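Note: the block below is my_file_1.cif and it holds mmCIF, C-alpha atoms and all ligand atoms.
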```cif
data_start
loop_
_atom_site.label_atom_id
_atom_site.label_comp_id
_atom_site.auth_asym_id
_atom_site.auth_seq_id
_atom_site.Cartn_x
_atom_site.Cartn_y
_atom_site.Cartn_z
CA MET A 16 -27.37 -66.97 -35.37
CA LYS A 17 -25.28 -69.59 -37.05
CA ILE A 18 -26.05 -71.82 -40.00
CA ASP A 19 -24.57 -75.25 -39.46
CA ASN A 20 -25.59 -76.94 -42.64
CA ILE A 21 -27.34 -76.31 -45.99
CA LYS A 22 -28.68 -79.14 -48.15
CA LEU A 23 -29.72 -78.45 -51.72
CA ASN A 24 -31.57 -80.86 -54.00
CA THR A 25 -32.16 -80.02 -57.66
CA PHE A 26 -31.88 -76.35 -56.77
CA ARG A 27 -30.64 -74.11 -59.66
CA ASN A 28 -27.45 -75.81 -60.95
CA TYR A 29 -27.08 -78.02 -57.84
CA GLU A 30 -28.10 -81.67 -58.06
CA ASN A 31 -27.30 -82.68 -54.47
CA ALA A 32 -25.10 -80.64 -52.19
CA ASN A 33 -24.44 -80.75 -48.49
CA ILE A 34 -22.57 -77.71 -47.23
CA SER A 35 -21.28 -77.19 -43.69
CA LEU A 36 -20.56 -73.67 -42.52
CA LYS A 37 -18.37 -72.33 -39.73
CA ASP A 38 -18.47 -69.24 -37.52
CA GLY A 39 -16.82 -66.14 -38.94
CA ILE A 40 -16.09 -65.70 -42.62
CA ASN A 41 -17.01 -68.47 -45.06
CA PHE A 42 -15.65 -67.75 -48.52
CA ILE A 43 -17.71 -69.35 -51.29
CA VAL A 44 -15.10 -69.38 -53.98
CA GLY A 45 -15.14 -70.49 -57.61
CA LYS A 46 -15.00 -69.38 -61.22
CA ASN A 47 -17.91 -67.52 -62.84
CA ALA A 48 -21.22 -69.35 -63.31
CA GLN A 49 -20.47 -72.23 -60.91
CA GLY A 50 -23.29 -71.70 -58.37
CA LYS A 51 -21.91 -69.30 -55.78
CA THR A 52 -24.77 -66.79 -55.98
CA ASN A 53 -27.26 -69.65 -56.18
CA LEU A 54 -26.08 -70.85 -52.78
CA LEU A 55 -26.68 -67.43 -51.20
CA GLU A 56 -30.05 -67.29 -52.91
CA SER A 57 -31.09 -70.51 -51.16
CA VAL A 58 -30.34 -68.98 -47.74
CA TYR A 59 -32.16 -65.73 -48.55
CA LEU A 60 -35.13 -67.70 -49.85
CA LEU A 61 -35.53 -69.53 -46.55
CA SER A 62 -35.21 -66.29 -44.64
CA VAL A 63 -37.43 -63.89 -46.57
CA GLY A 64 -39.62 -66.36 -48.48
CA LYS A 65 -38.67 -65.09 -51.92
CA SER A 66 -35.66 -64.95 -54.17
CA PRO A 67 -33.48 -61.83 -53.92
CA LYS A 68 -33.63 -61.69 -57.73
CA ASN A 69 -37.41 -61.99 -57.54
CA SER A 70 -37.19 -65.21 -59.55
CA LYS A 71 -40.26 -67.41 -59.80
CA ASP A 72 -40.22 -70.86 -58.18
CA LYS A 73 -40.06 -72.61 -61.52
CA GLN A 74 -36.96 -70.62 -62.49
CA ILE A 75 -35.22 -71.82 -59.34
CA ILE A 76 -36.02 -75.51 -59.85
CA LYS A 77 -33.17 -77.25 -61.66
CA PHE A 78 -33.70 -77.55 -65.41
CA GLY A 79 -35.30 -80.95 -66.07
CA ALA A 80 -36.50 -81.47 -62.47
CA ASP A 81 -40.00 -80.95 -61.09
CA LYS A 82 -39.08 -80.10 -57.51
CA SER A 83 -36.38 -78.33 -55.52
CA ARG A 84 -35.65 -78.79 -51.87
CA VAL A 85 -33.59 -76.71 -49.48
CA ASP A 86 -32.92 -77.71 -45.86
CA ILE A 87 -31.10 -75.40 -43.48
CA ASN A 88 -30.04 -76.34 -39.94
CA PHE A 89 -29.10 -73.39 -37.79
CA SER A 90 -28.60 -72.46 -34.19
CA THR A 91 -30.10 -69.45 -32.42
CA ARG A 92 -30.30 -68.15 -28.86
CA GLU A 93 -33.46 -70.19 -28.53
CA GLY A 94 -31.79 -73.43 -29.65
CA ASN A 95 -31.36 -75.39 -32.86
CA LYS A 96 -33.86 -74.90 -35.65
CA THR A 97 -34.55 -76.25 -39.11
CA ILE A 98 -36.29 -74.75 -42.10
CA GLN A 99 -37.20 -76.77 -45.13
CA MET A 100 -38.62 -75.42 -48.39
CA LEU A 101 -40.02 -77.54 -51.17
CA LEU A 102 -40.59 -75.86 -54.53
CA ASP A 103 -42.86 -77.60 -56.99
CA ARG A 104 -43.14 -76.83 -60.69
CA PHE A 105 -46.88 -77.56 -60.65
CA ASN A 106 -48.00 -76.75 -57.09
CA LYS A 107 -47.56 -74.14 -54.42
CA LYS A 108 -44.33 -74.20 -52.45
CA SER A 109 -44.40 -75.76 -49.00
CA ILE A 110 -42.40 -74.62 -45.99
CA ARG A 111 -41.69 -76.38 -42.72
CA ILE A 112 -40.13 -74.80 -39.66
CA ASN A 113 -38.89 -77.35 -37.11
CA ASN A 114 -40.90 -79.94 -39.07
CA LEU A 115 -44.17 -78.02 -38.71
CA ASN A 116 -45.97 -76.75 -41.81
CA VAL A 117 -46.11 -73.00 -42.27
CA LEU A 118 -49.22 -71.61 -43.89
CA LYS A 119 -48.24 -68.01 -44.56
CA ILE A 120 -44.89 -66.61 -45.75
CA ALA A 121 -45.26 -63.93 -43.04
CA GLU A 122 -44.71 -66.68 -40.45
CA LEU A 123 -41.32 -67.44 -41.98
CA VAL A 124 -40.01 -63.88 -41.86
CA GLY A 125 -37.60 -63.35 -38.97
CA VAL A 126 -37.04 -67.02 -38.11
CA LEU A 127 -33.70 -67.23 -39.92
CA SER A 128 -32.49 -63.66 -39.91
CA VAL A 129 -30.20 -62.57 -42.77
CA VAL A 130 -28.76 -59.38 -44.18
CA TYR A 131 -28.02 -59.61 -47.89
CA PHE A 132 -25.77 -57.57 -50.11
CA SER A 133 -25.22 -58.05 -53.82
CA PRO A 134 -24.06 -55.75 -56.63
CA ASP A 135 -27.74 -55.18 -57.25
CA GLU A 136 -28.05 -53.47 -53.86
CA LEU A 137 -26.53 -50.37 -55.42
CA LYS A 138 -30.09 -49.64 -56.38
CA LEU A 139 -30.59 -48.80 -52.71
CA ILE A 140 -28.60 -45.65 -53.41
CA LYS A 141 -29.15 -44.83 -57.04
CA GLU A 142 -32.51 -46.16 -58.12
CA VAL A 143 -36.14 -45.26 -57.42
CA PRO A 144 -37.55 -44.61 -53.90
CA GLU A 145 -39.50 -47.88 -54.10
CA ASP A 146 -36.21 -49.78 -53.68
CA ARG A 147 -35.41 -47.84 -50.52
CA ARG A 148 -38.90 -48.41 -49.11
CA ARG A 149 -38.49 -52.14 -49.80
CA PHE A 150 -35.22 -52.00 -47.86
CA LEU A 151 -37.08 -50.39 -44.92
CA ASP A 152 -39.88 -52.93 -45.07
CA VAL A 153 -37.71 -56.05 -45.37
CA SER A 154 -35.32 -54.78 -42.67
CA ILE A 155 -37.86 -53.71 -40.05
CA SER A 156 -39.98 -56.84 -40.61
CA GLN A 157 -37.01 -58.97 -39.58
CA PHE A 158 -37.41 -57.85 -35.99
CA ASP A 159 -40.94 -56.41 -35.86
CA LYS A 160 -43.76 -58.64 -37.10
CA ALA A 161 -46.39 -56.02 -36.23
CA TYR A 162 -44.71 -53.71 -38.75
CA LEU A 163 -45.04 -56.35 -41.46
CA TYR A 164 -48.75 -56.72 -40.73
CA ASP A 165 -49.17 -52.91 -40.74
CA ILE A 166 -47.57 -52.77 -44.20
CA ILE A 167 -49.95 -55.45 -45.48
CA LYS A 168 -52.91 -53.61 -43.89
CA TYR A 169 -51.76 -50.24 -45.27
CA ASP A 170 -51.50 -51.61 -48.82
CA LYS A 171 -55.04 -52.93 -48.57
CA ILE A 172 -56.50 -49.62 -47.34
CA LEU A 173 -54.46 -47.72 -49.92
CA LYS A 174 -55.87 -49.85 -52.74
CA GLN A 175 -59.42 -49.28 -51.46
CA ARG A 176 -58.83 -45.53 -51.14
CA ASN A 177 -57.37 -45.37 -54.66
CA THR A 178 -60.35 -47.29 -56.05
CA ILE A 179 -62.64 -44.64 -54.58
CA LEU A 180 -60.52 -41.77 -55.92
CA LYS A 181 -60.55 -43.35 -59.40
CA SER A 182 -64.21 -44.35 -59.48
CA ASN A 183 -66.87 -42.72 -61.66
CA SER A 184 -69.10 -41.78 -58.70
CA SER A 185 -70.03 -38.17 -57.96
CA LYS A 186 -67.67 -36.03 -55.93
CA GLU A 187 -70.10 -36.06 -52.98
CA THR A 188 -70.26 -39.86 -52.92
CA LYS A 189 -66.50 -40.11 -53.14
CA LEU A 190 -66.01 -37.62 -50.29
CA GLU A 191 -68.50 -39.54 -48.17
CA GLU A 192 -66.70 -42.85 -48.80
CA LEU A 193 -63.28 -41.29 -48.17
CA LYS A 194 -64.46 -40.23 -44.69
CA LEU A 195 -64.14 -43.88 -43.72
CA PHE A 196 -60.88 -44.76 -45.45
CA THR A 197 -58.74 -41.65 -44.95
CA PRO A 198 -58.64 -41.87 -41.12
CA GLN A 199 -57.88 -45.63 -41.35
CA LEU A 200 -55.07 -44.90 -43.78
CA ILE A 201 -53.66 -42.16 -41.55
CA ASP A 202 -53.77 -44.39 -38.44
CA THR A 203 -51.81 -47.16 -40.14
CA ALA A 204 -49.49 -44.66 -41.85
CA GLU A 205 -48.63 -43.22 -38.45
CA GLN A 206 -47.59 -46.65 -37.11
CA ILE A 207 -45.39 -47.27 -40.13
CA ILE A 208 -43.75 -43.83 -40.20
CA ILE A 209 -42.98 -43.89 -36.44
CA LYS A 210 -41.14 -47.19 -36.87
CA ARG A 211 -39.31 -46.11 -40.01
CA VAL A 212 -38.13 -42.86 -38.39
CA LYS A 213 -36.92 -44.75 -35.33
CA PHE A 214 -35.18 -47.33 -37.49
CA ILE A 215 -33.33 -44.65 -39.50
CA GLU A 216 -32.37 -42.85 -36.26
CA ASN A 217 -30.71 -46.06 -35.01
CA LEU A 218 -29.20 -46.97 -38.34
CA LYS A 219 -27.69 -43.60 -39.22
CA ASN A 220 -25.38 -43.26 -36.22
CA ILE A 221 -24.04 -46.79 -36.54
CA ALA A 222 -23.63 -46.39 -40.31
CA LYS A 223 -21.81 -43.07 -39.88
CA ASN A 224 -19.21 -44.71 -37.63
CA ILE A 225 -18.68 -47.77 -39.83
CA HIS A 226 -18.42 -45.54 -42.89
CA LYS A 227 -15.78 -43.41 -41.20
CA THR A 228 -13.78 -46.54 -40.31
CA ILE A 229 -13.85 -47.80 -43.89
CA THR A 230 -13.25 -44.52 -45.73
CA ASN A 231 -11.22 -42.52 -43.17
CA THR A 232 -12.22 -39.16 -44.61
CA GLU A 233 -15.88 -39.19 -45.65
CA SER A 234 -18.88 -38.29 -43.54
CA LEU A 235 -22.13 -40.16 -44.17
CA GLU A 236 -25.56 -38.75 -43.24
CA ILE A 237 -28.87 -40.57 -43.66
CA PHE A 238 -32.32 -38.93 -43.54
CA TYR A 239 -35.89 -40.15 -43.77
CA SER A 240 -37.98 -37.88 -45.96
CA PHE A 241 -40.89 -37.44 -43.52
CA ASP A 242 -39.96 -34.77 -41.00
CA ILE A 243 -41.64 -35.27 -37.63
CA SER A 244 -39.72 -32.60 -35.73
CA THR A 245 -42.30 -29.81 -36.05
CA LYS A 246 -45.75 -31.38 -36.18
CA SER A 247 -47.16 -34.82 -35.38
CA ILE A 248 -47.51 -37.33 -38.22
CA LYS A 249 -51.30 -37.37 -37.88
CA GLU A 250 -51.55 -33.60 -37.96
CA GLN A 251 -49.34 -33.35 -41.05
CA LEU A 252 -51.15 -36.11 -42.95
CA ASN A 253 -54.58 -34.71 -42.03
CA GLU A 254 -53.56 -31.30 -43.35
CA LEU A 255 -52.07 -32.73 -46.54
CA PHE A 256 -55.18 -34.77 -47.31
CA GLU A 257 -57.54 -31.86 -46.55
CA LYS A 258 -55.59 -29.36 -48.65
CA ASN A 259 -55.05 -31.61 -51.62
CA ILE A 260 -58.30 -33.50 -51.95
CA ASP A 261 -59.13 -31.89 -55.30
CA LYS A 262 -55.71 -32.79 -56.68
CA GLU A 263 -56.12 -36.39 -55.48
CA LEU A 264 -59.58 -36.65 -57.05
CA GLU A 265 -58.18 -35.36 -60.32
CA LEU A 266 -55.18 -37.70 -60.30
CA GLY A 267 -57.14 -40.69 -59.01
CA TYR A 268 -54.60 -41.89 -56.48
CA THR A 269 -53.31 -41.23 -52.96
CA CYS A 270 -50.46 -38.70 -53.05
CA PHE A 271 -49.26 -38.78 -49.43
CA GLY A 272 -48.20 -41.40 -46.94
CA PRO A 273 -45.42 -43.93 -46.35
CA HIS A 274 -45.85 -45.36 -49.86
CA ARG A 275 -44.35 -42.08 -51.16
CA ASP A 276 -41.54 -41.64 -48.63
CA ASP A 277 -37.84 -41.98 -49.29
CA ILE A 278 -34.39 -42.21 -47.67
CA ILE A 279 -31.68 -39.70 -48.55
CA PHE A 280 -27.97 -40.59 -48.30
CA LYS A 281 -25.38 -37.82 -48.24
CA ILE A 282 -21.57 -37.95 -48.25
CA ASN A 283 -19.92 -34.75 -47.11
CA ASP A 284 -23.26 -32.97 -47.68
CA LEU A 285 -23.68 -34.17 -51.27
CA ASP A 286 -26.60 -36.42 -52.23
CA CYS A 287 -25.08 -39.84 -53.10
CA LYS A 288 -27.69 -40.48 -55.74
CA TYR A 289 -26.36 -37.66 -57.91
CA TYR A 290 -22.77 -37.08 -56.84
CA ALA A 291 -21.18 -40.25 -55.40
CA SER A 292 -18.84 -42.41 -57.51
CA GLN A 293 -19.67 -46.05 -58.18
CA GLY A 294 -17.20 -47.16 -55.48
CA GLN A 295 -18.61 -44.61 -53.01
CA GLN A 296 -22.17 -45.76 -53.70
CA ARG A 297 -21.12 -49.35 -53.27
CA THR A 298 -19.41 -48.51 -49.99
CA VAL A 299 -22.51 -46.71 -48.67
CA ALA A 300 -24.80 -49.59 -49.66
CA LEU A 301 -22.48 -52.02 -47.92
CA VAL A 302 -22.08 -49.85 -44.82
CA VAL A 303 -25.86 -49.59 -44.52
CA LYS A 304 -26.06 -53.39 -44.55
CA LEU A 305 -23.33 -53.70 -41.92
CA ALA A 306 -25.16 -51.14 -39.77
CA LEU A 307 -28.34 -53.15 -40.25
CA MET A 308 -26.57 -56.15 -38.67
CA GLU A 309 -26.13 -54.08 -35.49
CA VAL A 310 -29.68 -52.68 -35.54
CA ILE A 311 -31.20 -56.15 -35.90
CA LYS A 312 -28.98 -57.43 -33.11
CA SER A 313 -30.16 -54.65 -30.80
CA HIS A 314 -33.72 -55.92 -31.32
CA ILE A 315 -33.39 -59.70 -31.43
CA GLY A 316 -30.35 -60.11 -29.19
CA GLU A 317 -28.12 -61.86 -31.73
CA TYR A 318 -26.52 -61.16 -35.07
CA PRO A 319 -28.25 -62.24 -38.27
CA ILE A 320 -26.30 -64.15 -40.94
CA LEU A 321 -24.47 -61.84 -43.33
CA LEU A 322 -24.65 -62.76 -47.02
CA LEU A 323 -22.26 -60.84 -49.27
CA ASP A 324 -22.43 -61.58 -52.96
CA ASP A 325 -19.54 -60.35 -55.05
CA VAL A 326 -18.73 -57.57 -52.64
CA LEU A 327 -14.96 -57.50 -53.16
CA SER A 328 -14.92 -56.37 -56.75
CA GLU A 329 -14.97 -52.58 -57.08
CA LEU A 330 -13.70 -51.96 -53.56
CA ASP A 331 -10.07 -50.92 -53.39
CA TYR A 332 -7.62 -53.00 -51.35
CA SER A 333 -7.89 -50.81 -48.24
CA ARG A 334 -11.71 -50.77 -48.23
CA GLN A 335 -11.79 -54.55 -48.83
CA ASN A 336 -9.53 -55.22 -45.87
CA LYS A 337 -11.39 -52.95 -43.50
CA MET A 338 -14.70 -54.42 -44.56
CA LEU A 339 -13.50 -58.00 -44.03
CA GLU A 340 -12.03 -57.03 -40.68
CA LEU A 341 -15.48 -55.75 -39.65
CA THR A 342 -17.40 -58.80 -40.87
CA LYS A 343 -15.36 -61.56 -39.25
CA LYS A 344 -17.34 -61.21 -36.01
CA TYR A 345 -20.52 -62.29 -37.84
CA GLN A 346 -21.19 -65.56 -39.55
CA THR A 347 -20.60 -64.27 -43.06
CA LEU A 348 -20.95 -66.00 -46.43
CA ILE A 349 -18.94 -64.16 -49.06
CA THR A 350 -18.83 -65.21 -52.68
CA CYS A 351 -15.70 -64.41 -54.68
CA THR A 352 -13.57 -65.68 -57.53
CA SER A 353 -10.36 -65.52 -55.46
CA ILE A 354 -9.66 -65.01 -51.77
CA PRO A 355 -7.57 -61.99 -50.77
CA ILE A 356 -4.55 -62.48 -48.51
CA LEU A 357 -5.74 -62.28 -44.91
CA ASP A 358 -4.07 -62.64 -41.55
CA PHE A 359 -7.00 -64.28 -39.79
CA GLU A 360 -8.73 -67.65 -40.06
CA TYR A 361 -11.61 -68.29 -42.39
CA ASN A 362 -13.50 -71.18 -43.93
CA LYS A 363 -13.23 -71.89 -47.64
CA ILE A 364 -15.91 -73.63 -49.69
CA GLU A 365 -14.94 -74.18 -53.28
CA ILE A 366 -17.76 -74.57 -55.79
CA GLU A 367 -17.42 -76.04 -59.25
CA ASN A 368 -20.35 -76.68 -61.54
CA GLY A 369 -22.92 -76.95 -58.73
CA GLN A 370 -20.72 -79.15 -56.55
CA VAL A 371 -18.60 -78.56 -53.49
CA VAL A 372 -15.09 -79.58 -54.46
CA THR A 373 -13.24 -78.72 -51.27
CA GLN A 374 -14.44 -77.82 -47.87
N1 LIG A 401 -33.02 -73.43 -62.78
C1 LIG A 401 -31.73 -73.67 -63.10
N2 LIG A 401 -31.31 -74.94 -63.38
C2 LIG A 401 -30.03 -75.20 -63.70
N3 LIG A 401 -29.08 -74.25 -63.77
C3 LIG A 401 -29.44 -72.99 -63.50
C4 LIG A 401 -30.77 -72.63 -63.15
N4 LIG A 401 -30.84 -71.31 -62.92
C5 LIG A 401 -29.58 -70.85 -63.14
N5 LIG A 401 -28.74 -71.85 -63.47
C6 LIG A 401 -27.31 -71.77 -63.78
O1 LIG A 401 -26.55 -71.64 -62.60
C7 LIG A 401 -25.27 -71.16 -62.99
C8 LIG A 401 -24.54 -70.57 -61.82
O2 LIG A 401 -25.15 -69.36 -61.44
P1 LIG A 401 -24.61 -68.43 -60.26
O3 LIG A 401 -25.30 -67.14 -60.43
O4 LIG A 401 -24.74 -69.09 -58.95
O5 LIG A 401 -23.06 -68.31 -60.66
P2 LIG A 401 -21.87 -67.68 -59.82
O6 LIG A 401 -20.99 -68.79 -59.38
O7 LIG A 401 -22.39 -66.79 -58.78
O8 LIG A 401 -21.10 -66.87 -60.95
P3 LIG A 401 -20.49 -65.36 -60.98
O9 LIG A 401 -19.08 -65.47 -60.46
O10 LIG A 401 -20.47 -65.05 -62.43
O11 LIG A 401 -21.35 -64.47 -60.21
C9 LIG A 401 -25.54 -70.24 -64.17
O12 LIG A 401 -24.65 -70.53 -65.22
C10 LIG A 401 -26.96 -70.54 -64.60
O13 LIG A 401 -27.09 -70.81 -65.95
MG MG A 402 -22.52 -64.70 -58.69
#
```
Written as structure tokens, how would this file's structure read?
Ligand SMILES: Nc1ncnc2c1ncn2[C@@H]1O[C@H](COP(=O)(O)OP(=O)(O)OP(=O)(O)O)[C@@H](O)[C@H]1O
Ligand SMILES: [Mg+2]
Amino acid sequence: MKIDNIKLNTFRNYENANISLKDGINFIVGKNAQGKTNLLESVYLLSVGKSPKNSKDKQIIKFGADKSRVDINFSTREGNKTIQMLLDRFNKKSIRINNLNVLKIAELVGVLSVVYFSPDELKLIKEVPEDRRRFLDVSISQFDKAYLYDIIKYDKILKQRNTILKSNSSKETKLEELKLFTPQLIDTAEQIIIKRVKFIENLKNIAKNIHKTITNTESLEIFYSFDISTKSIKEQLNELFEKNIDKELELGYTCFGPHRDDIIFKINDLDCKYYASQGQQRTVALVVKLALMEVIKSHIGEYPILLLDDVLSELDYSRQNKMLELTKKYQTLITCTSIPILDFEYNKIEIENGQVVTQ
């Protein structure tokens, strides 16, 4: 995929901007607090439907304005496309794809495919499992809509099952009601876990190779916490629910299933969460995103857009160079305060106070 043009109107600190992008690396360069991250946010917003910072619509709208508008023109294997998003301080946001109104955010997901990395993505390695599950869900949904709908369905069943577990009814009534919801939960859980396991299988080999190229000496391993090598998913979940029903009734929530799973990253056999340095964690998080570019391509037949926010700081010169060398084959938007010396061509977009000063 390739973004040709981004138009921003009263979006964050932009009044009106019209930005043309090229193939390969596009450096978004400028001093601190000029609008570089805001530009990447606009692209992510039109891809995933929400801000990477989880900002509310009214926080995105420029101070003093009532509306924000973002228009992106891009080309895909299927031809040229446009997405337009209108944020309104007082009403719901509206989205148009190729000039047709979109009713659900789920319809937007996967149309403009992006992979995003920001300093915040370190949480993929060092924070709570929820962040890693969100990574799985956002990533797989980009190429598998059915997965996205399974996640939505699973959350619904999970809430219903938890309501039963928490309720004041007698144990017999609860057990009777659970007879309906537990099998539904297990069926949907199975679909989700199968796809997550397959996704990690694909991702880990690609990531291992990229990681080796960037670091030279380190060996990266990635595991999904649910082991399906011995028994089927259904069998395992059935056993877990049967054995632990008293515990679940006491706690009042569902203790097993994909909402509790995790990803484990290891460098040279040591868990990155506890042992890796800041630079190593950053490298792993970045490598995982680069590997994701390849996984998505294997499913949709073309590369997504790569958005790298502030990726150069904290990587040493050698890692920076190798990383840039790897990303020039994608359309990449990289924000930075200064451009390193490179021996290949790139596009430079200089941002100052919400305006493009050179392009
Ligand atoms: N709704 C808004 N309206 C107007 N300005 C805003 C709004 N939201 C954020 N800003 C401003 O946008 C400015 C630029 O933010 P941005 O995060 O894009 O900077 P940056 O160029 O990425 O800087 P850095 O190099 O420090 O990462 C900030 O100073 C912020 O105050
Ligand atoms: Mg920034």
Can you pull out the residues contacting stretch 39-46 of chain A? Cut-off 6 Å, using all atoms listed in the file, and skip same-chain residues under 5 positions away; I want them as a ChimeraX atom specification. /A:343-352,361-366
With C-alpha atoms retained, could you export that selection as an mmCIF file, in the coordinates of the input?
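Contents of result.cif, as written:
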```
data_model
loop_
_atom_site.group_PDB
_atom_site.id
_atom_site.type_symbol
_atom_site.label_atom_id
_atom_site.label_comp_id
_atom_site.auth_asym_id
_atom_site.auth_seq_id
_atom_site.Cartn_x
_atom_site.Cartn_y
_atom_site.Cartn_z
ATOM 1 C CA LYS A 343 -15.360 -61.560 -39.250
ATOM 2 C CA LYS A 344 -17.340 -61.210 -36.010
ATOM 3 C CA TYR A 345 -20.520 -62.290 -37.840
ATOM 4 C CA GLN A 346 -21.190 -65.560 -39.550
ATOM 5 C CA THR A 347 -20.600 -64.270 -43.060
ATOM 6 C CA LEU A 348 -20.950 -66.000 -46.430
ATOM 7 C CA ILE A 349 -18.940 -64.160 -49.060
ATOM 8 C CA THR A 350 -18.830 -65.210 -52.680
ATOM 9 C CA CYS A 351 -15.700 -64.410 -54.680
ATOM 10 C CA THR A 352 -13.570 -65.680 -57.530
ATOM 11 C CA TYR A 361 -11.610 -68.290 -42.390
ATOM 12 C CA ASN A 362 -13.500 -71.180 -43.930
ATOM 13 C CA LYS A 363 -13.230 -71.890 -47.640
ATOM 14 C CA ILE A 364 -15.910 -73.630 -49.690
ATOM 15 C CA GLU A 365 -14.940 -74.180 -53.280
ATOM 16 C CA ILE A 366 -17.760 -74.570 -55.790
#
```
Residues of chain A within 8 Å of ligand MG 402 (chain A): nearest atom pair and distance (Å, one decimal) for each, counting all atoms listed in the file, sorted by chain and number, as a tab-separated table?
```
residue	atom	partner	partner_atom	distance
A:Asn47	CA	A:MG402	MG	6.8
A:Ala48	CA	A:MG402	MG	6.7
A:Gly50	CA	A:MG402	MG	7.0
A:Lys51	CA	A:MG402	MG	5.5
A:Thr52	CA	A:MG402	MG	4.1
A:Asn53	CA	A:MG402	MG	7.3
A:Asp324	CA	A:MG402	MG	6.5
A:Asp325	CA	A:MG402	MG	6.4
A:Thr350	CA	A:MG402	MG	7.1
A:Cys351	CA	A:MG402	MG	7.9
```
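Of the residues under consideration (A:Lys119, A:Lys73, A:Lys246, A:Lys262), A:Lys73 shows the shortest atom-to-atom contact distance to ligand LIG 401 (chain A) when counting only C-alpha atoms and all ligand atoms.
You can rank A:Leu264, A:Ala32, A:Ile18, A:Ile112 by their closest distance to A:Ser185 using only C-alpha atoms, and at the top of that list sits A:Leu264.
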Is there a way to get, as a VMD selection string, all residues within 8 Å of the point (-32.5, -42.2, -46.4) in file coordinates, counting all atoms listed in the file? chain A and resid 147 215 237 to 240 277 to 280
Surrounding residues of A:Ile172 excluding itself and chain neighbours under 3 positions, 9 Å, all atoms listed in the file, as a PyMOL selection string: chain A and resi 167-169+175-177+196-197+199-200+203
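The coordinates place atom CA of A:Ser57 at 16.8 Å from atom CA of A:Glu367.
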Distance in Å - atom CA of A:Glu56 versus atom CA of A:Tyr131: 9.4 Å
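Distances here use only C-alpha atoms and all ligand atoms; by that measure, the residue among A:Leu341, A:Ile207, A:Leu163, A:Ala80 closest to ligand LIG 401 (chain A) is A:Ala80.
Between ligand LIG 401 (chain A) and the candidates A:Phe78, A:Phe271, A:Tyr164, A:Phe150, the tightest atom-to-atom separation, counting only C-alpha atoms and all ligand atoms, involves A:Phe78.
Using all atoms listed in the file, the nearest neighbour of A:Leu301 within the list A:Ser83, A:Ser133, A:Thr373, A:Thr25 is A:Ser133.
Nearest-residue note for A:Ile208: choosing from A:Asn106, A:Gln251, A:Ser313, A:Asn24, the minimum distance belongs to A:Gln251, counting all atoms listed in the file.
Between atom CA of A:Tyr162 and atom CA of A:Arg92 lies a distance of 22.7 Å.
Excluding A:Glu317 and any residue on its chain fewer than 4 positions from it, the residues at most 9 Å away by all atoms listed in the file are Met16, Thr91, Arg92, Glu309, Ile311, Lys312 and Ser313 of chain A.
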Could you list, as a PyMOL selection string, every residue within 9 Å of A:Asp86, counting only C-alpha atoms and ignoring same-chain residues fewer than 4 positions away? chain A and resi 20-24+61+97-101
Could the residues in this selection be written to a file with C-alpha atoms, as a compact mmCIF listing (two decimals), in the coordinates of the input?
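Writing the result to part-v4.txt gives the following:
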```txt
# COMPACT_ATOMS: atom_id res chain seq x y z
CA ASN A 20 -25.59 -76.94 -42.64
CA ILE A 21 -27.34 -76.31 -45.99
CA LYS A 22 -28.68 -79.14 -48.15
CA LEU A 23 -29.72 -78.45 -51.72
CA ASN A 24 -31.57 -80.86 -54.00
CA LEU A 61 -35.53 -69.53 -46.55
CA THR A 97 -34.55 -76.25 -39.11
CA ILE A 98 -36.29 -74.75 -42.10
CA GLN A 99 -37.20 -76.77 -45.13
CA MET A 100 -38.62 -75.42 -48.39
CA LEU A 101 -40.02 -77.54 -51.17
```
Counting all atoms listed in the file, which residues come within 7 Å of (-28.2, -58.6, -45.2), with the point read in the file's coordinates, and could you list them as an NGL selection string? :A and (129-132 or 304 or 321-322)
With all atoms listed in the file as the counted atoms, please give the residues lying no more than 12 Å from A:Ser182, apart from itself and same-chain residues fewer than 2 positions off, as number ranges by chain. A: 175-180, 184-186, 188-190, 192-193, 264-268
Student task, stretch 96-102 of chain A output with N, CA and C atoms as a short mmCIF file (atom, residue, chain, number, x, y, z; two decimals), in the first residue's frame:
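Okay, part29.cif is ready:
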```cif
data_model
loop_
_atom_site.label_atom_id
_atom_site.label_comp_id
_atom_site.auth_asym_id
_atom_site.auth_seq_id
_atom_site.Cartn_x
_atom_site.Cartn_y
_atom_site.Cartn_z
N LYS A 96 -7.84 4.42 -3.30
CA LYS A 96 -8.92 4.52 -2.31
C LYS A 96 -8.81 5.81 -1.54
N THR A 97 -9.91 6.20 -0.92
CA THR A 97 -9.87 7.37 -0.03
C THR A 97 -10.59 7.02 1.27
N ILE A 98 -10.06 7.56 2.34
CA ILE A 98 -10.79 7.48 3.62
C ILE A 98 -10.87 8.90 4.16
N GLN A 99 -12.04 9.21 4.69
CA GLN A 99 -12.22 10.54 5.26
C GLN A 99 -12.82 10.37 6.66
N MET A 100 -12.28 11.07 7.62
CA MET A 100 -12.88 11.01 8.96
C MET A 100 -13.18 12.43 9.43
N LEU A 101 -14.38 12.58 9.95
CA LEU A 101 -14.81 13.87 10.47
C LEU A 101 -15.09 13.71 11.95
N LEU A 102 -14.33 14.42 12.78
CA LEU A 102 -14.57 14.37 14.22
C LEU A 102 -15.36 15.61 14.60
#
```
